[in-house]
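Everything below belongs to target_17.tsv, which stores TSV, C-alpha atoms.
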```tsv
chain	number	residue	atom	x	y	z
A	232	MET	CA	61.21	112.53	102.99
A	233	ALA	CA	64.62	110.95	102.73
A	234	VAL	CA	67.15	111.95	105.34
A	235	SER	CA	70.81	112.57	104.63
A	236	ALA	CA	72.86	109.47	105.30
A	237	TYR	CA	76.28	111.18	105.41
A	238	GLU	CA	77.15	113.17	108.51
A	239	VAL	CA	80.18	114.81	110.00
A	240	ILE	CA	81.09	113.25	113.33
A	241	ALA	CA	84.20	115.25	114.17
A	242	THR	CA	86.98	117.28	112.67
A	243	GLN	CA	90.48	117.98	113.93
A	244	THR	CA	92.86	120.50	112.40
A	245	LEU	CA	96.28	120.64	113.95
A	246	GLY	CA	97.23	124.03	115.31
A	247	SER	CA	100.63	122.66	116.27
A	248	ALA	CA	102.58	119.53	115.47
A	249	ALA	CA	101.21	116.34	116.98
A	250	ALA	CA	102.35	112.74	117.17
A	251	SER	CA	98.90	111.30	116.70
A	252	VAL	CA	95.23	112.07	116.49
A	253	THR	CA	92.53	110.02	118.16
A	254	PHE	CA	88.79	109.99	117.69
A	255	ASN	CA	87.21	108.58	120.83
A	256	SER	CA	83.67	107.69	121.84
A	257	ILE	CA	82.60	107.14	118.25
A	258	PRO	CA	78.79	106.98	118.11
A	259	GLN	CA	77.45	103.52	117.28
A	260	ILE	CA	74.52	104.84	115.27
A	261	TYR	CA	76.02	104.57	111.79
A	262	THR	CA	76.66	101.67	109.44
A	263	ASP	CA	80.00	102.82	108.02
A	264	LEU	CA	82.67	105.34	108.88
A	265	VAL	CA	84.76	107.38	106.47
A	266	LEU	CA	87.92	109.05	107.71
A	267	ILE	CA	89.41	111.66	105.43
A	268	ALA	CA	92.91	112.58	106.48
A	269	SER	CA	95.22	115.11	104.92
A	270	PRO	CA	98.40	114.71	106.94
A	271	ILE	CA	101.48	116.80	106.41
A	272	ALA	CA	104.86	115.42	107.36
A	273	THR	CA	107.50	116.95	109.56
A	274	VAL	CA	110.01	114.41	108.24
A	275	ASP	CA	110.00	112.41	105.02
A	276	GLY	CA	109.41	108.76	104.56
A	277	SER	CA	106.84	106.90	106.57
A	278	SER	CA	103.55	105.12	106.35
A	279	VAL	CA	100.57	106.51	108.15
A	280	TYR	CA	99.43	104.09	110.85
A	281	ILE	CA	95.84	103.43	111.90
A	282	LYS	CA	94.77	101.49	114.99
A	283	PHE	CA	91.46	100.76	116.64
A	284	ASN	CA	90.21	100.75	120.23
A	285	GLY	CA	93.72	101.29	121.59
A	286	ASP	CA	94.80	97.81	120.49
A	287	THR	CA	98.60	97.77	120.20
A	288	GLY	CA	98.85	93.99	119.70
A	289	SER	CA	99.98	92.24	116.53
A	290	ASN	CA	96.42	91.99	115.28
A	291	TYR	CA	96.58	93.93	112.05
A	292	SER	CA	97.39	93.05	108.46
A	293	ARG	CA	97.04	94.53	105.01
A	294	THR	CA	97.27	93.86	101.28
A	295	THR	CA	98.23	96.70	98.95
A	296	ILE	CA	98.42	97.63	95.31
A	297	SER	CA	100.49	100.63	94.31
A	298	GLY	CA	101.62	102.58	91.31
A	299	TYR	CA	104.99	104.26	91.46
A	300	GLY	CA	104.94	106.29	88.29
A	301	SER	CA	106.69	103.73	86.14
A	302	SER	CA	105.65	100.39	87.60
A	303	ALA	CA	103.00	98.77	89.77
A	304	GLY	CA	103.34	96.37	92.65
A	305	SER	CA	101.55	94.63	95.47
A	306	THR	CA	102.71	94.03	99.03
A	307	ARG	CA	101.48	92.37	102.19
A	308	THR	CA	102.08	92.92	105.88
A	309	SER	CA	100.93	90.39	108.47
A	310	ASN	CA	100.82	90.32	112.28
A	311	ALA	CA	101.50	94.03	112.48
A	312	THR	CA	100.73	96.39	115.34
A	313	PHE	CA	98.91	98.77	113.00
A	314	ILE	CA	97.54	99.03	109.47
A	315	GLY	CA	100.01	101.15	107.55
A	316	SER	CA	99.42	103.00	104.35
A	317	GLY	CA	101.96	102.98	101.57
A	318	TRP	CA	105.09	105.09	101.65
A	319	GLN	CA	102.89	108.06	101.85
A	320	VAL	CA	103.98	110.88	104.04
A	321	GLY	CA	106.74	113.08	102.85
A	322	GLY	CA	107.54	115.85	100.52
A	323	GLY	CA	108.35	118.47	103.06
A	324	THR	CA	106.18	120.36	105.44
A	325	THR	CA	103.73	121.87	102.99
A	326	SER	CA	102.59	118.88	100.94
A	327	PRO	CA	99.70	116.86	102.34
A	328	SER	CA	99.22	113.19	101.47
A	329	PRO	CA	95.48	112.50	101.21
A	330	HIS	CA	94.19	109.32	102.83
A	331	ILE	CA	90.54	108.23	102.60
A	332	TYR	CA	89.59	105.30	104.83
A	333	ASN	CA	86.32	103.37	104.53
A	334	ILE	CA	85.51	101.43	107.67
A	335	GLN	CA	82.43	99.39	106.92
A	336	ASN	CA	80.08	97.79	109.46
A	337	TYR	CA	82.31	99.13	112.20
A	338	SER	CA	79.79	98.62	114.96
A	339	ASN	CA	78.91	94.98	114.45
A	340	SER	CA	80.31	92.50	116.97
A	341	THR	CA	80.30	89.48	114.68
A	342	THR	CA	82.92	90.03	112.02
A	343	PHE	CA	86.56	91.02	112.07
A	344	LYS	CA	86.90	94.56	110.79
A	345	THR	CA	88.04	95.01	107.21
A	346	ILE	CA	88.81	98.49	105.90
A	347	LEU	CA	89.36	99.84	102.41
A	348	PHE	CA	91.41	102.90	101.75
A	349	ARG	CA	93.30	104.88	99.19
A	350	SER	CA	96.24	107.16	99.69
A	351	ASN	CA	98.66	109.04	97.54
A	352	PHE	CA	101.81	111.02	97.66
A	353	ALA	CA	102.48	113.37	94.77
A	354	PRO	CA	105.93	113.49	93.20
A	355	TYR	CA	108.59	115.18	95.25
A	356	GLY	CA	112.25	114.42	95.61
A	357	GLY	CA	112.02	111.32	93.46
A	358	LEU	CA	109.33	109.68	95.56
A	359	SER	CA	105.72	109.26	94.51
A	360	GLU	CA	103.03	106.70	94.97
A	361	VAL	CA	99.32	106.05	94.63
A	362	THR	CA	97.96	103.15	96.63
A	363	ALA	CA	94.79	101.20	97.36
A	364	GLU	CA	94.73	98.90	100.34
A	365	VAL	CA	92.55	96.48	102.21
A	366	GLY	CA	93.36	96.12	105.89
A	367	LEU	CA	92.18	93.75	108.61
A	368	TRP	CA	91.85	94.18	112.35
A	369	ARG	CA	91.39	90.70	113.80
A	370	ASN	CA	88.85	91.64	116.40
A	371	THR	CA	85.07	91.39	116.42
A	372	SER	CA	84.56	94.30	118.81
A	373	ALA	CA	82.70	97.35	117.67
A	374	ILE	CA	85.11	100.15	116.81
A	375	THR	CA	84.78	102.91	119.38
A	376	SER	CA	88.04	104.77	118.81
A	377	ILE	CA	90.44	105.36	115.95
A	378	ASN	CA	94.05	106.45	116.33
A	379	ILE	CA	96.11	107.71	113.40
A	380	SER	CA	99.84	108.39	113.58
A	381	TYR	CA	103.18	107.99	111.82
A	382	LEU	CA	106.83	107.83	112.82
A	383	SER	CA	107.13	111.51	113.68
A	384	ASN	CA	104.82	114.44	114.24
A	385	PHE	CA	102.08	115.51	111.90
A	386	ALA	CA	102.67	119.14	110.97
A	387	ILE	CA	100.52	122.18	111.60
A	388	GLY	CA	97.57	122.29	109.23
A	389	SER	CA	97.10	118.54	108.99
A	390	THR	CA	93.38	117.79	108.91
A	391	PHE	CA	91.38	114.75	109.97
A	392	THR	CA	87.60	114.46	109.53
A	393	LEU	CA	85.47	111.53	110.57
A	394	TYR	CA	82.12	110.95	108.87
A	395	GLY	CA	79.33	108.53	109.60
A	396	ILE	CA	77.10	106.93	106.97
A	397	LYS	CA	73.70	105.59	107.93
A	398	ALA	CA	71.88	102.83	106.13
A	399	ALA	CA	68.14	102.38	105.70
B	180	MET	CA	83.21	113.37	128.63
B	181	SER	CA	85.63	114.50	125.98
B	182	ARG	CA	85.09	113.13	122.53
B	183	PHE	CA	88.77	113.32	121.86
B	184	ASP	CA	91.84	112.01	123.52
B	185	ASN	CA	94.94	113.38	121.90
B	186	ARG	CA	97.76	111.72	123.69
B	187	SER	CA	100.34	113.68	121.79
B	188	ARG	CA	102.54	116.15	123.55
B	189	VAL	CA	100.92	119.01	121.73
B	190	SER	CA	97.43	119.97	122.66
B	191	THR	CA	96.64	122.99	120.55
B	192	TYR	CA	94.08	121.51	118.23
B	193	ILE	CA	91.23	123.20	116.59
B	194	GLN	CA	88.50	120.71	117.27
B	195	SER	CA	84.86	120.69	116.55
B	196	TRP	CA	82.15	118.28	117.49
B	197	VAL	CA	79.37	118.35	115.03
B	198	SER	CA	76.47	116.02	115.62
B	199	GLY	CA	74.50	115.72	112.46
B	200	GLU	CA	74.85	119.32	111.30
B	201	PRO	CA	75.81	120.27	108.75
B	202	ASP	CA	74.96	117.12	106.90
B	203	PHE	CA	75.71	115.98	103.39
B	204	GLY	CA	72.19	116.24	102.09
B	205	ALA	CA	73.03	114.90	98.68
B	206	PHE	CA	73.78	111.40	99.97
B	207	GLU	CA	70.73	109.37	100.98
B	208	SER	CA	70.13	105.80	102.01
B	209	ILE	CA	67.76	103.95	99.65
B	210	ALA	CA	67.77	100.38	100.95
B	211	THR	CA	69.83	97.84	102.88
B	212	THR	CA	69.83	94.05	102.75
B	213	THR	CA	71.49	91.87	105.36
B	214	VAL	CA	71.71	88.16	104.62
B	215	GLY	CA	70.07	85.87	107.17
B	216	PRO	CA	71.04	82.42	108.50
B	217	ALA	CA	69.87	80.62	105.34
B	218	GLY	CA	72.26	82.57	103.12
B	219	ALA	CA	71.36	84.08	99.78
B	220	SER	CA	72.54	83.40	96.26
B	221	THR	CA	71.59	86.83	94.97
B	222	VAL	CA	70.94	90.21	96.54
B	223	THR	CA	68.65	92.43	94.48
B	224	PHE	CA	67.57	96.02	94.81
B	225	ASN	CA	64.35	96.59	92.88
B	226	ASN	CA	62.32	99.68	92.10
B	227	ILE	CA	65.28	102.01	92.41
B	228	PRO	CA	64.04	105.61	92.51
B	229	GLN	CA	64.99	107.63	89.45
B	230	THR	CA	65.45	110.80	91.47
B	231	TYR	CA	69.21	110.67	92.02
B	232	LYS	CA	72.22	111.45	89.86
B	233	HIS	CA	74.43	108.55	90.95
B	234	LEU	CA	74.21	105.40	93.05
B	235	GLN	CA	76.65	103.86	95.49
B	236	ILE	CA	76.60	100.36	96.94
B	237	ARG	CA	78.66	99.66	100.06
B	238	CYS	CA	78.92	96.03	101.11
B	239	ILE	CA	80.62	93.42	103.23
B	240	SER	CA	80.23	89.85	102.05
B	241	ARG	CA	81.60	86.33	102.20
B	242	SER	CA	80.96	83.25	100.10
B	243	ALA	CA	79.62	80.03	101.61
B	244	GLY	CA	81.37	78.12	98.85
B	245	THR	CA	84.74	76.44	98.55
B	246	GLU	CA	85.79	78.00	95.27
B	247	THR	CA	89.30	77.19	94.16
B	248	VAL	CA	89.60	80.83	93.25
B	249	GLU	CA	88.46	83.60	95.47
B	250	GLY	CA	84.75	84.27	95.49
B	251	GLY	CA	84.24	86.92	92.88
B	252	LEU	CA	81.48	89.41	93.55
B	253	LEU	CA	79.58	90.19	90.37
B	254	MET	CA	76.99	92.61	89.16
B	255	VAL	CA	74.31	90.50	87.51
B	256	TYR	CA	72.02	91.77	84.79
B	257	ALA	CA	68.32	91.04	85.05
B	258	SER	CA	68.13	89.94	81.45
B	259	PRO	CA	70.84	88.92	79.00
B	260	HIS	CA	72.50	91.85	77.31
B	261	ALA	CA	73.63	90.05	74.17
B	262	ASN	CA	77.35	90.27	74.75
B	263	ASN	CA	77.19	93.94	75.59
B	264	ALA	CA	78.83	93.97	79.01
B	265	TYR	CA	82.54	94.52	79.65
B	266	TRP	CA	84.85	94.86	82.63
B	267	HIS	CA	88.44	95.64	83.49
B	268	ARG	CA	90.30	95.39	86.76
B	269	ILE	CA	93.69	95.81	88.37
B	270	ASN	CA	94.40	93.78	91.46
B	271	GLY	CA	97.16	92.93	93.87
B	272	ASN	CA	97.51	89.66	95.79
B	273	GLY	CA	100.25	90.78	98.12
B	274	ALA	CA	103.03	89.77	95.77
B	275	THR	CA	102.23	91.01	92.29
B	276	ALA	CA	99.93	93.49	90.59
B	277	THR	CA	98.00	92.15	87.61
B	278	SER	CA	95.28	93.33	85.29
B	279	ALA	CA	92.51	91.46	83.54
B	280	ASN	CA	89.45	92.16	81.43
B	281	SER	CA	86.56	90.47	79.75
B	282	GLY	CA	84.42	91.63	76.87
B	283	GLY	CA	81.13	90.56	75.43
B	284	GLU	CA	79.62	89.31	78.66
B	285	SER	CA	75.89	88.81	78.63
B	286	TYR	CA	74.97	88.19	82.22
B	287	SER	CA	77.44	89.67	84.68
B	288	THR	CA	80.57	91.73	85.25
B	289	PHE	CA	83.29	91.75	87.91
B	290	VAL	CA	83.01	93.91	91.01
B	291	SER	CA	85.44	92.60	93.63
B	292	PHE	CA	87.09	89.61	95.27
B	293	ILE	CA	85.68	88.47	98.60
B	294	THR	CA	86.40	85.70	101.12
B	295	LYS	CA	85.17	82.12	100.82
B	296	SER	CA	84.34	79.45	103.37
B	297	THR	CA	87.88	78.12	103.65
B	298	ASP	CA	89.25	81.52	104.64
B	299	THR	CA	89.57	82.46	108.29
B	300	ALA	CA	86.19	82.66	109.99
B	301	SER	CA	84.85	86.14	110.64
B	302	VAL	CA	86.81	87.67	107.76
B	303	PHE	CA	84.55	89.30	105.19
B	304	GLY	CA	85.40	91.05	101.95
B	305	VAL	CA	84.42	94.66	101.45
B	306	ALA	CA	83.52	96.62	98.33
B	307	ILE	CA	82.29	100.02	97.24
B	308	LEU	CA	80.58	100.35	93.88
B	309	ASP	CA	79.77	103.68	92.21
B	310	ILE	CA	77.24	103.69	89.37
B	311	LEU	CA	77.26	107.00	87.56
B	312	ASP	CA	74.34	108.57	85.68
B	313	TYR	CA	72.25	105.45	86.21
B	314	ALA	CA	69.02	107.16	85.15
B	315	ASP	CA	70.37	108.92	82.05
B	316	THR	CA	68.87	107.28	78.97
B	317	ASN	CA	71.38	108.99	76.70
B	318	LYS	CA	74.34	107.07	78.09
B	319	THR	CA	75.39	103.50	78.41
B	320	LYS	CA	76.08	102.56	82.01
B	321	THR	CA	79.53	102.51	83.56
B	322	TYR	CA	80.48	101.76	87.13
B	323	ARG	CA	83.70	101.67	89.09
B	324	SER	CA	84.52	99.51	92.07
B	325	ILE	CA	87.12	99.11	94.77
B	326	GLY	CA	87.12	96.08	97.00
B	327	GLY	CA	89.02	93.24	98.51
B	328	TRP	CA	89.83	91.17	101.56
B	329	ASP	CA	92.77	90.50	103.83
B	330	SER	CA	93.23	87.51	106.11
B	331	ASN	CA	96.61	88.07	107.74
B	332	GLY	CA	98.82	86.32	105.24
B	333	SER	CA	96.54	86.24	102.23
B	334	GLY	CA	94.31	88.72	100.51
B	335	ASN	CA	93.45	90.58	97.36
B	336	ILE	CA	92.74	94.23	96.62
B	337	SER	CA	91.17	95.33	93.33
B	338	MET	CA	89.90	98.33	91.45
B	339	GLY	CA	87.54	97.67	88.60
B	340	SER	CA	85.28	99.19	86.02
B	341	GLY	CA	82.29	97.72	84.24
B	342	LEU	CA	80.33	98.78	81.21
B	343	ASN	CA	76.89	97.72	80.08
B	344	ARG	CA	76.24	99.04	76.58
B	345	ASP	CA	72.60	99.67	77.29
B	346	ALA	CA	71.25	103.20	77.68
B	347	SER	CA	68.17	102.15	79.63
B	348	ALA	CA	67.78	103.64	83.07
B	349	ILE	CA	68.83	101.22	85.80
B	350	THR	CA	65.79	100.28	87.88
B	351	SER	CA	67.16	97.19	89.59
B	352	ILE	CA	70.60	95.90	90.57
B	353	ALA	CA	71.54	92.36	91.48
B	354	LEU	CA	74.76	91.10	93.04
B	355	ALA	CA	75.86	87.49	93.12
B	356	LEU	CA	78.95	85.30	93.25
B	357	ASN	CA	80.92	84.01	90.33
B	358	SER	CA	80.78	80.49	91.74
B	359	GLY	CA	77.03	80.50	92.20
B	360	SER	CA	77.53	79.97	95.92
B	361	ASN	CA	75.50	81.71	98.59
B	362	PHE	CA	76.47	84.80	100.50
B	363	VAL	CA	76.80	83.85	104.16
B	364	GLN	CA	74.85	85.28	107.07
B	365	TYR	CA	75.81	88.82	108.06
B	366	SER	CA	76.76	89.76	104.52
B	367	SER	CA	75.31	93.24	104.13
B	368	PHE	CA	74.59	95.44	101.12
B	369	ALA	CA	73.56	99.09	101.37
B	370	LEU	CA	72.34	101.15	98.40
B	371	TYR	CA	72.67	104.93	98.46
B	372	GLY	CA	71.52	107.66	96.12
B	373	ILE	CA	73.58	110.76	95.40
B	374	LYS	CA	71.72	113.83	94.21
B	375	GLY	CA	73.09	115.95	91.43
```

As a first step, turn the structure in this file into structure tokens.
Amino acid sequence: MAVSAYEVIATQTLGSAAASVTFNSIPQIYTDLVLIASPIATVDGSSVYIKFNGDTGSNYSRTTISGYGSSAGSTRTSNATFIGSGWQVGGGTTSPSPHIYNIQNYSNSTTFKTILFRSNFAPYGGLSEVTAEVGLWRNTSAITSINISYLSNFAIGSTFTLYGIKAA
Amino acid sequence: MSRFDNRSRVSTYIQSWVSGEPDFGAFESIATTTVGPAGASTVTFNNIPQTYKHLQIRCISRSAGTETVEGGLLMVYASPHANNAYWHRINGNGATATSANSGGESYSTFVSFITKSTDTASVFGVAILDILDYADTNKTKTYRSIGGWDSNGSGNISMGSGLNRDASAITSIALALNSGSNFVQYSSFALYGIKG
């Protein structure tokens, strides 16, 4: 009988504002990870930042494509200290900005780690955006921890759930 | 040992550690192929069970070729479909967003861009492909894809959709490169079934 391949690893729901959330000691028994984040801002106007294994070096980059409601564009960031999402968090303290990260083959020690994710920020105060991104962490180490943050605190009620997907 | 390390100044989290329960029982692994040292020109999943509602393929891959354009990952049809396959995509190369399409394809349709041999070593492209209602013989078959690669100064991200105007149930799926090159070692393709 087939066994479910999609499992919850951990969930964090903020009971008070927090500058970042970290998932540590990630089990190495899955093929892919999916992180579903629904952060709420305490201040407007910032990307959400994701980092791996505590690496704060300039080892991250990304390529984006975004729609702004009336036009589309593509951007690139190189030699960054994190992989940032689009201009995603904002809209006051009650509007979450969903982010879904796919971190594939996170436990192999051969390839650099490439992630795919989508994020969006519904219209508010003249700002809106829907974005798809591919990000790179130039490191072959297995991912054992994930840190997610932005320029200020995440607000109460922000949720972060990490899933693991097994392969046959 | 704590599973979490919240270094923020606020510590009042509601946390839960759930190891395998509850699971998402509707999402099951069907098969996985990892390319060996010899490379592979095509990756094929045969004898796909007809017991699911949808399929998902999750892959990392890299071309062994030296294409002048990025290695395009394609879905390849087992037999010609007489100009009945179509695709659209939107993609961004870090500077501009563009869209393209092709109609009346017989053999293959676009899925994603991936890295090629002249890109930085160890950088692979990634893609996720959703194939909806693959076993429904009343519908032609449509899939959507998201994929891309980044190499710290170059890259491409795309979202695509493909249509095969054939209502037959999908029993096999093949993936290959637009250039005809091989996938390199460590390229990996995982097929999942989603119950409905």

| said: Report, in Å to a single decimal, how far apart CA of Gln259 (chain A) and CA of Ser292 (chain A) are. | reply: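 Pair CA of Ser292 (chain A) / CA of Gln259 (chain A) returns 24.2 Å.
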
| said: What are the residues of chain A lining chain B at 8 Å or less? Count only C-alpha atoms, and put the answer as a VMD selection string. | reply: chain A and resid 233 to 257 291 to 296 303 to 310 335 to 336 341 to 347 363 to 367 371 397 to 399

| field | Within 6 Å of region 342-357 of chain B using only C-alpha atoms, minus same-chain residues under 2 positions, as a PyMOL selection string | value | chain B and resi 221-227+251-255+263-265+313-321+359

| request: Between CA of Tyr299 (chain A) and CA of Ser269 (chain A), measure the distance and give it in Å to one decimal. | output: 19.9 Å

| remark: One decimal place gives the CA of Asp263 (chain A)-CA of Lys232 (chain B) separation as 21.6 Å

| Which residue, B:Ala261, B:Ile310, B:Val363, B:Val290, has the smallest gap to Gly339 (chain B) when you use only C-alpha atoms? |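 With only C-alpha atoms as the atom set, the closest residue is B:Val290.
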
| message | Under the rule that only C-alpha atoms are counted, which of B:Gly215, B:Pro228, B:Gly375, B:Gly341 is the nearest residue to Ser287 (chain B)? | response |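 Among B:Gly215, B:Pro228, B:Gly375, B:Gly341, it is B:Gly341 that comes nearest to Ser287 (chain B).
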
| task | Show which residues sit within 9 Å of Asn284 (chain A), as JSON, numbers by chain. Count all atoms listed in the file, and ignore same-chain residues fewer than 6 positions away. | result | {"A": [255, 372, 373, 374, 375, 376, 377, 378]}

| Surrounding residues of Ile331 (chain A) excluding itself and chain neighbours under 6 positions, 9 Å, all atoms listed in the file, as a PyMOL selection string | chain A and resi 265-269+347-350

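Of the residues listed (A:Tyr381, A:Tyr261, A:Trp368, A:Phe313), A:Tyr381 shows the shortest atom-to-atom separation from Ser277 (chain A); distances use all atoms listed in the file.
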